[in-house]
Structure formats: C-alpha cells, structure tokens
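For reference, model.cif is printed below; it contains mmCIF, C-alpha atoms and all ligand atoms.
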data_protein
loop_
_atom_site.label_atom_id
_atom_site.label_comp_id
_atom_site.auth_asym_id
_atom_site.auth_seq_id
_atom_site.Cartn_x
_atom_site.Cartn_y
_atom_site.Cartn_z
CA MET A 238 -26.39 -65.69 15.35
CA PRO A 239 -26.45 -68.75 13.07
CA GLN A 240 -23.59 -69.09 10.59
CA ARG A 241 -24.45 -68.97 6.91
CA THR A 242 -22.18 -70.33 4.23
CA PRO A 243 -21.05 -67.56 1.85
CA SER A 244 -23.28 -68.05 -1.12
CA ALA A 245 -24.66 -66.08 -4.02
CA ASN A 246 -23.00 -62.74 -4.64
CA LEU A 247 -23.62 -61.27 -1.23
CA ILE A 248 -21.81 -58.12 -0.14
CA GLY A 249 -21.29 -56.57 3.28
CA VAL A 250 -20.64 -52.83 3.13
CA LEU A 251 -18.78 -50.92 5.85
CA ILE A 252 -19.46 -47.21 6.11
CA SER A 253 -18.84 -44.32 8.48
CA GLY A 254 -20.74 -41.47 6.85
CA ARG A 255 -22.66 -40.28 3.81
CA GLY A 256 -22.78 -43.58 1.97
CA SER A 257 -23.05 -42.30 -1.60
CA ASN A 258 -20.90 -45.17 -2.89
CA LEU A 259 -23.15 -47.62 -1.07
CA LEU A 260 -26.20 -46.04 -2.72
CA ALA A 261 -24.55 -46.16 -6.14
CA ILE A 262 -23.94 -49.89 -5.66
CA LEU A 263 -27.57 -50.40 -4.60
CA ASP A 264 -28.71 -48.44 -7.66
CA ARG A 265 -26.70 -50.67 -9.99
CA ILE A 266 -28.12 -53.76 -8.35
CA ALA A 267 -31.68 -52.39 -8.57
CA ALA A 268 -31.14 -51.52 -12.24
CA GLY A 269 -30.05 -55.10 -12.94
CA ASP A 270 -26.56 -53.96 -13.95
CA LEU A 271 -24.80 -55.69 -11.06
CA ASN A 272 -25.61 -59.29 -10.22
CA ALA A 273 -25.17 -59.06 -6.45
CA GLY A 274 -26.99 -58.26 -3.24
CA VAL A 275 -26.08 -56.16 -0.22
CA ALA A 276 -26.79 -58.46 2.72
CA LEU A 277 -25.66 -56.09 5.45
CA VAL A 278 -24.45 -52.53 5.98
CA ILE A 279 -22.38 -51.89 9.10
CA SER A 280 -21.47 -48.44 10.36
CA ASN A 281 -19.12 -47.70 13.23
CA GLU A 282 -20.79 -44.27 13.50
CA PRO A 283 -24.37 -44.27 14.83
CA SER A 284 -25.09 -40.98 13.05
CA ALA A 285 -23.90 -42.06 9.57
CA ALA A 286 -26.36 -40.75 6.98
CA GLY A 287 -25.80 -43.85 4.86
CA LEU A 288 -27.56 -45.97 7.49
CA ALA A 289 -30.93 -44.30 7.05
CA ALA A 290 -30.55 -44.33 3.26
CA ALA A 291 -29.83 -48.07 3.31
CA ARG A 292 -32.76 -48.77 5.63
CA ALA A 293 -35.06 -46.77 3.36
CA ARG A 294 -34.18 -49.26 0.62
CA GLY A 295 -34.85 -52.24 2.82
CA VAL A 296 -31.21 -53.18 3.37
CA PRO A 297 -30.35 -54.62 6.81
CA THR A 298 -28.12 -52.30 8.82
CA LEU A 299 -26.15 -52.57 12.01
CA VAL A 300 -24.33 -50.02 14.13
CA ILE A 301 -21.21 -51.41 15.74
CA ASP A 302 -19.79 -48.42 17.56
CA HIS A 303 -16.01 -48.82 17.85
CA ARG A 304 -16.05 -46.73 21.04
CA LYS A 305 -17.82 -49.58 22.80
CA SER A 306 -15.02 -52.07 22.15
CA ALA A 307 -11.85 -52.19 24.22
CA THR A 308 -9.62 -52.84 21.22
CA ARG A 309 -9.68 -52.53 17.44
CA GLU A 310 -9.59 -56.30 17.11
CA GLU A 311 -12.53 -56.76 19.45
CA HIS A 312 -14.54 -54.33 17.31
CA ASP A 313 -13.48 -56.12 14.15
CA GLN A 314 -14.42 -59.48 15.63
CA GLU A 315 -17.91 -58.22 16.29
CA MET A 316 -18.16 -57.02 12.68
CA ALA A 317 -16.80 -60.34 11.42
CA ARG A 318 -19.43 -62.31 13.34
CA ALA A 319 -22.21 -60.21 11.82
CA LEU A 320 -20.78 -60.39 8.30
CA GLU A 321 -20.33 -64.15 8.50
CA ALA A 322 -23.82 -64.61 9.90
CA ALA A 323 -25.14 -62.64 6.93
CA GLY A 324 -23.28 -64.97 4.56
CA VAL A 325 -21.32 -62.30 2.69
CA ARG A 326 -18.66 -63.31 0.19
CA LEU A 327 -17.26 -59.84 -0.31
CA ILE A 328 -16.71 -56.89 2.02
CA CYS A 329 -16.70 -53.41 0.49
CA LEU A 330 -15.32 -50.45 2.40
CA ALA A 331 -17.25 -47.37 1.30
CA GLY A 332 -16.10 -44.38 3.27
CA TYR A 333 -15.23 -46.55 6.27
CA MET A 334 -12.98 -44.25 8.24
CA ARG A 335 -11.22 -46.80 10.48
CA LEU A 336 -8.17 -48.92 10.04
CA LEU A 337 -8.93 -52.62 10.00
CA SER A 338 -6.95 -54.91 12.27
CA GLY A 339 -4.52 -57.43 10.80
CA TRP A 340 -6.83 -60.07 12.26
CA PHE A 341 -9.79 -58.88 10.16
CA VAL A 342 -7.75 -58.48 6.97
CA ASP A 343 -6.35 -61.96 7.43
CA ARG A 344 -9.75 -63.52 8.11
CA PHE A 345 -11.20 -62.12 4.88
CA LYS A 346 -8.01 -62.23 2.84
CA GLY A 347 -8.60 -61.33 -0.81
CA ARG A 348 -12.27 -60.58 -0.10
CA ILE A 349 -12.11 -56.94 1.05
CA LEU A 350 -12.24 -54.02 -1.40
CA ASN A 351 -11.77 -50.30 -0.78
CA ILE A 352 -12.33 -47.21 -2.89
CA HIS A 353 -10.02 -44.23 -2.61
CA PRO A 354 -10.46 -40.77 -4.19
CA ALA A 355 -7.05 -40.57 -5.90
CA LEU A 356 -4.96 -42.52 -8.36
CA LEU A 357 -3.02 -44.63 -5.88
CA PRO A 358 -0.22 -44.92 -4.99
CA SER A 359 -0.44 -41.11 -5.16
CA PHE A 360 -2.18 -39.35 -2.30
CA PRO A 361 -3.13 -42.09 0.16
CA GLY A 362 -4.74 -41.20 3.48
CA THR A 363 -7.18 -38.41 4.19
CA ALA A 364 -7.91 -35.28 2.10
CA ALA A 365 -6.72 -36.94 -1.10
CA GLN A 366 -8.35 -34.26 -3.27
CA ARG A 367 -6.62 -31.50 -1.31
CA GLN A 368 -3.33 -33.36 -1.63
CA ALA A 369 -3.82 -33.62 -5.41
CA LEU A 370 -4.48 -29.87 -5.73
CA ALA A 371 -1.48 -29.04 -3.55
CA ALA A 372 0.76 -31.24 -5.70
CA GLY A 373 -0.46 -29.51 -8.89
CA VAL A 374 -1.31 -32.70 -10.76
CA LYS A 375 -3.38 -32.30 -13.92
CA VAL A 376 -5.11 -35.64 -13.59
CA SER A 377 -6.49 -37.35 -10.52
CA GLY A 378 -9.22 -39.94 -10.09
CA CYS A 379 -10.18 -42.94 -8.02
CA THR A 380 -8.92 -46.41 -7.28
CA VAL A 381 -10.60 -49.64 -6.23
CA HIS A 382 -8.13 -52.00 -4.60
CA PHE A 383 -7.92 -55.09 -2.45
CA VAL A 384 -7.30 -54.23 1.18
CA ASP A 385 -4.15 -55.29 2.97
CA GLU A 386 -2.75 -54.26 6.35
CA GLN A 387 -1.51 -50.85 5.16
CA VAL A 388 -3.57 -47.69 4.57
CA ASP A 389 -4.88 -47.36 0.99
CA SER A 390 -2.47 -50.03 -0.08
CA GLY A 391 -3.17 -53.42 -1.64
CA PRO A 392 -3.33 -54.59 -5.25
CA ILE A 393 -5.21 -52.26 -7.59
CA ILE A 394 -8.24 -53.62 -9.47
CA LEU A 395 -9.54 -50.57 -11.38
CA GLN A 396 -8.82 -46.87 -11.67
CA GLU A 397 -10.62 -44.06 -13.43
CA ALA A 398 -8.92 -40.75 -14.17
CA VAL A 399 -10.57 -37.32 -14.10
CA PRO A 400 -9.04 -33.99 -15.14
CA VAL A 401 -8.03 -31.38 -12.60
CA MET A 402 -9.27 -27.93 -13.70
CA ASP A 403 -7.57 -24.59 -13.07
CA ASP A 404 -10.44 -23.33 -10.96
CA ASP A 405 -10.95 -26.53 -8.96
CA THR A 406 -11.41 -26.40 -5.21
CA PRO A 407 -11.15 -29.55 -3.09
CA GLU A 408 -14.96 -29.64 -3.20
CA THR A 409 -15.35 -29.41 -7.00
CA LEU A 410 -12.59 -31.96 -7.52
CA GLU A 411 -14.23 -34.23 -4.94
CA ALA A 412 -17.56 -34.03 -6.77
CA ARG A 413 -15.94 -34.91 -10.13
CA ILE A 414 -14.04 -37.83 -8.62
CA LEU A 415 -17.13 -39.04 -6.79
CA GLU A 416 -19.00 -39.44 -10.08
CA ALA A 417 -16.19 -41.68 -11.28
CA GLU A 418 -16.23 -43.59 -7.98
CA HIS A 419 -19.90 -44.38 -8.43
CA ARG A 420 -19.15 -45.92 -11.84
CA VAL A 421 -16.01 -47.79 -11.02
CA TYR A 422 -16.87 -49.49 -7.71
CA SER A 423 -19.71 -51.55 -9.19
CA ARG A 424 -17.50 -52.55 -12.11
CA ALA A 425 -14.83 -53.80 -9.73
CA ILE A 426 -17.42 -55.72 -7.71
CA ALA A 427 -18.71 -57.35 -10.89
CA LEU A 428 -15.15 -58.32 -11.81
CA PHE A 429 -14.63 -59.82 -8.37
CA PHE A 430 -17.76 -61.96 -8.64
CA SER A 431 -16.92 -62.97 -12.19
CA GLY A 432 -14.06 -64.94 -10.65
CA GLY A 433 -11.66 -63.76 -13.30
CA LEU A 434 -9.36 -61.67 -11.10
CA ARG A 435 -5.91 -63.01 -10.23
CA ILE A 436 -3.54 -61.36 -7.78
CA GLU A 437 0.11 -61.70 -8.76
CA GLY A 438 2.29 -59.74 -6.38
CA ARG A 439 1.17 -56.11 -6.58
CA ARG A 440 -0.76 -56.69 -9.78
CA VAL A 441 -4.35 -57.73 -10.32
CA LEU A 442 -4.76 -59.45 -13.66
CA GLY A 443 -8.02 -60.06 -15.46
CA ALA A 444 -9.53 -56.60 -14.85
CA ALA A 445 -10.66 -54.94 -18.06
CA PRO A 446 -9.86 -51.22 -18.26
CA PRO A 447 -12.86 -48.96 -17.48
CA GLY A 448 -14.79 -48.33 -20.69
C1 LIG A 501 -15.27 -41.48 -0.96
O1 LIG A 501 -14.62 -40.39 -1.55
C2 LIG A 501 -14.35 -42.68 -0.91
O2 LIG A 501 -13.48 -42.74 -1.99
C3 LIG A 501 -13.59 -42.44 0.36
O3 LIG A 501 -14.51 -41.88 1.25
C4 LIG A 501 -15.55 -41.22 0.52
C5 LIG A 501 -16.83 -41.85 0.95
O4 LIG A 501 -17.95 -41.21 0.39
N1 LIG A 501 -12.97 -43.66 0.83
P1 LIG A 501 -19.38 -41.86 0.52
O5 LIG A 501 -19.63 -42.07 2.03
O6 LIG A 501 -19.41 -43.15 -0.22
O7 LIG A 501 -20.32 -40.84 -0.03
#
Spit out the file's structure as structure tokens when you get a sec.
Ligand code: GRF
Amino acid sequence: MPQRTPSANLIGVLISGRGSNLLAILDRIAAGDLNAGVALVISNEPSAAGLAAARARGVPTLVIDHRKSATREEHDQEMARALEAAGVRLICLAGYMRLLSGWFVDRFKGRILNIHPALLPSFPGTAAQRQALAAGVKVSGCTVHFVDEQVDSGPIILQEAVPVMDDDTPETLEARILEAEHRVYSRAIALFFSGGLRIEGRRVLGAAPPG
C-alpha cells in the first residue's frame, strides 16, 4: 500500500466489539462538533458489530485477525502498515481488547488514546464497573488517557465522574458510564488535535475540565 503523510485530523480506530464509542465519535464528526475524520477502523475480531456499523456509514474497515499472526508484534506491524497507509495522525482504542506491543506503542508514541470505564488509576483491567461496585465507591466514571506499555496506564487527558447508585448492577453502572464515555472521548480527541496538550511526567497539561 502507498504511504500517506499524516495530514488533516485523521483518526484510525481500533475495536474488538460493539463499537459504541466509535459511533459516538462518528456522530460528533457528522454533527460538525469534531473537526476530524475517521480514515480507517481496524478490528482484530471478524465478528465485531462495530465493523458493520462503520461500513454502514461509509467508513473504511479492515479485519486483522490476531490469530493469523505468529506474534503480537507481527499483528501490530500489520495494523501499523494499514494505519500509516491511511495517513492517520491519531489512533483511538475503542473497546480494543488486546494489549499492544511495545513496538507499536513506541512507533506511535504520544499518538494513541484509550478510553477506560473507571476513574483511573482505580479499577484498571477488565470488569471495571464490577470492580467499582465491589469496592463500594460512590463515584466512578471514565478516563481518556495516552497509551503506554502498561494496561490502562499512561497520562490522563480527561475524566468524567458519574454517581454510583444503591441499586446499581454492573449493567446499569456500565450504561451510565458509557453515556459519559460518548461525551468525553470526542472532547479529548478535539484537545489532541488542537495541539494544546503537553505531557509532563504523569500529567497532561492544557486539557480543560469537562464542562
Ligand atoms: C467501553 O466501556 C470502553 O471504555 C472499554 O470498552 C468498552 C467498549 O465499548 N475500553 P464500545 O465497543 O465502544 O461500545
């Protein structure tokens, strides 16, 4: 594939499943609220529902099944080639359920974002909503952060809190957090493209608090 220089505000989105965050980003772009374009959606899971939803909106998609690569890095290299060919400046993980290799993180250093359904550094990893309920916290939420080599680590760009109710189940808490996710991810992407974010150690400066 021919190489394209990263230009405009082009995003590559990595998914593994439902893709509701991807769709929320596409909605914001379509509404003119986010000055960006999704150049490519890649899923490691051929059956990811988000793929069909993206295609229905005319967004190019690609399945790169990790089971067909001998190593994690080989899989990541294939993704990198496709993302670079599409000319993306920013890579957004949106329910991408695989660890990225150090090679991939290094290649796109400072240009990969992730969204997590908890107020990090609390409750990293899977079943974050269940973890929050088990811990008895009264407030949880979501976090958009730069991706580094660790799981759900990396400097935090934005967070939005939601209350935890007495009668919450993991599912009701998930739904409340998801609404916040759909607001906050596009805001973080806009901040990234505004060029005003500075990473200083663990801190990201220049990110306005969610309004
Ligand atoms: C979201 O809760 C996100 O925070 C987490 O995985 C879930 C993906 O949901 N990383 P969706 O595929 O975007 O609907």
Handout entry: Separation of atom CA of Leu395 of chain A from atom O1 of ligand LIG 501 (chain A), in Å and rounded to one decimal
Key =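 These two atoms are separated by 15.0 Å.
If all atoms listed in the file are the atoms counted, then among A:Asp403, A:Asp343, A:Glu282, A:Asp302 the closest residue to Asp385 of chain A is A:Asp343.
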Taking a cut-off of 6 Å and counting only C-alpha atoms and all ligand atoms, can you build a table that, for each residue of chain A near ligand LIG 501 (chain A), reports the nearest atom pair and how far apart they are in Å (one decimal), sorted by chain then residue number, as JSON lines?
{"residue": "A:Gly254", "atom": "CA", "partner": "A:LIG501", "partner_atom": "O5", "distance": 5.0}
{"residue": "A:Arg255", "atom": "CA", "partner": "A:LIG501", "partner_atom": "O5", "distance": 3.9}
{"residue": "A:Gly256", "atom": "CA", "partner": "A:LIG501", "partner_atom": "O5", "distance": 3.5}
{"residue": "A:Ser257", "atom": "CA", "partner": "A:LIG501", "partner_atom": "O7", "distance": 3.5}
{"residue": "A:Asn258", "atom": "CA", "partner": "A:LIG501", "partner_atom": "O6", "distance": 3.7}
{"residue": "A:Leu259", "atom": "CA", "partner": "A:LIG501", "partner_atom": "O6", "distance": 5.9}
{"residue": "A:Ala331", "atom": "CA", "partner": "A:LIG501", "partner_atom": "O6", "distance": 5.0}
{"residue": "A:Gly332", "atom": "CA", "partner": "A:LIG501", "partner_atom": "C5", "distance": 3.5}
{"residue": "A:Ile352", "atom": "CA", "partner": "A:LIG501", "partner_atom": "O2", "distance": 4.7}
{"residue": "A:His353", "atom": "CA", "partner": "A:LIG501", "partner_atom": "O2", "distance": 3.8}
{"residue": "A:Pro354", "atom": "CA", "partner": "A:LIG501", "partner_atom": "O2", "distance": 4.2}
{"residue": "A:Leu415", "atom": "CA", "partner": "A:LIG501", "partner_atom": "O1", "distance": 6.0}
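With only C-alpha atoms as the atoms that count, the residue of A:Ala286, A:Asp404, A:Tyr333, A:Trp340 with the shortest distance to Val388 of chain A is A:Tyr333.
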Problem - Proximity to Asp389 of chain A - best of A:Val401, A:Ala285, A:Phe429, A:Pro361, all atoms listed in the file - result: A:Pro361
Exercise for the section: Report the distance between atom CA of Glu311 of chain A and atom CA of Ser280 of chain A in Å, rounded to one decimal place. Expected result: 15.2 Å
Completion exercise
atom CA of Arg420 of chain A sits from atom CA of Lys346 of chain A at a separation of 24.6 Å
Handout entry: All residues 8 Å or closer to Ala398 of chain A, all atoms listed in the file, same chain fewer than 2 positions away omitted, as a list in words
Key = Leu356, Val376, Ser377, Gly378, Cys379, Gln396, Pro400 and Ala417 of chain A
Using C-alpha atoms, can you write the selected residues to a file as an mmCIF file, in the coordinates of the input?
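Just written: part_2.cif:
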data_model
loop_
_atom_site.group_PDB
_atom_site.id
_atom_site.type_symbol
_atom_site.label_atom_id
_atom_site.label_comp_id
_atom_site.auth_asym_id
_atom_site.auth_seq_id
_atom_site.Cartn_x
_atom_site.Cartn_y
_atom_site.Cartn_z
ATOM 1 C CA LEU A 356 -4.960 -42.520 -8.360
ATOM 2 C CA VAL A 376 -5.110 -35.640 -13.590
ATOM 3 C CA SER A 377 -6.490 -37.350 -10.520
ATOM 4 C CA GLY A 378 -9.220 -39.940 -10.090
ATOM 5 C CA CYS A 379 -10.180 -42.940 -8.020
ATOM 6 C CA GLN A 396 -8.820 -46.870 -11.670
ATOM 7 C CA PRO A 400 -9.040 -33.990 -15.140
ATOM 8 C CA ALA A 417 -16.190 -41.680 -11.280
#
Just want the 8 Å neighbourhood of Leu247 of chain A, counted on all atoms listed in the file, with same-chain residues fewer than 3 positions away dropped. Output as a PDB file with C-alpha atoms, keeping the file's coordinate frame.
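Written output follows (selection.pdb):
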ATOM      1  CA  PRO A 243     -21.050 -67.560   1.850  1.00  0.00           C
ATOM      2  CA  SER A 244     -23.280 -68.050  -1.120  1.00  0.00           C
ATOM      3  CA  ALA A 273     -25.170 -59.060  -6.450  1.00  0.00           C
ATOM      4  CA  GLY A 274     -26.990 -58.260  -3.240  1.00  0.00           C
ATOM      5  CA  VAL A 275     -26.080 -56.160  -0.220  1.00  0.00           C
ATOM      6  CA  ALA A 276     -26.790 -58.460   2.720  1.00  0.00           C
ATOM      7  CA  GLY A 324     -23.280 -64.970   4.560  1.00  0.00           C
ATOM      8  CA  VAL A 325     -21.320 -62.300   2.690  1.00  0.00           C
ATOM      9  CA  ARG A 326     -18.660 -63.310   0.190  1.00  0.00           C
ATOM     10  CA  LEU A 327     -17.260 -59.840  -0.310  1.00  0.00           C
TER      11      LEU A 327
END
Residue neighbourhood segment 303-306 of chain A, 12 Å, all atoms listed in the file, exclusion window fewer than 6 positions, as a compact mmCIF listing (two decimals) with C-alpha atoms, keeping the file's coordinate frame:
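The result, written out as out-v8.txt:
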# COMPACT_ATOMS: atom_id res chain seq x y z
CA SER A 253 -18.84 -44.32 8.48
CA ILE A 279 -22.38 -51.89 9.10
CA SER A 280 -21.47 -48.44 10.36
CA ASN A 281 -19.12 -47.70 13.23
CA GLU A 282 -20.79 -44.27 13.50
CA PRO A 283 -24.37 -44.27 14.83
CA HIS A 312 -14.54 -54.33 17.31
CA ASP A 313 -13.48 -56.12 14.15
CA GLN A 314 -14.42 -59.48 15.63
CA GLU A 315 -17.91 -58.22 16.29
CA MET A 316 -18.16 -57.02 12.68
CA TYR A 333 -15.23 -46.55 6.27
CA MET A 334 -12.98 -44.25 8.24
CA ARG A 335 -11.22 -46.80 10.48
CA LEU A 336 -8.17 -48.92 10.04
CA LEU A 337 -8.93 -52.62 10.00
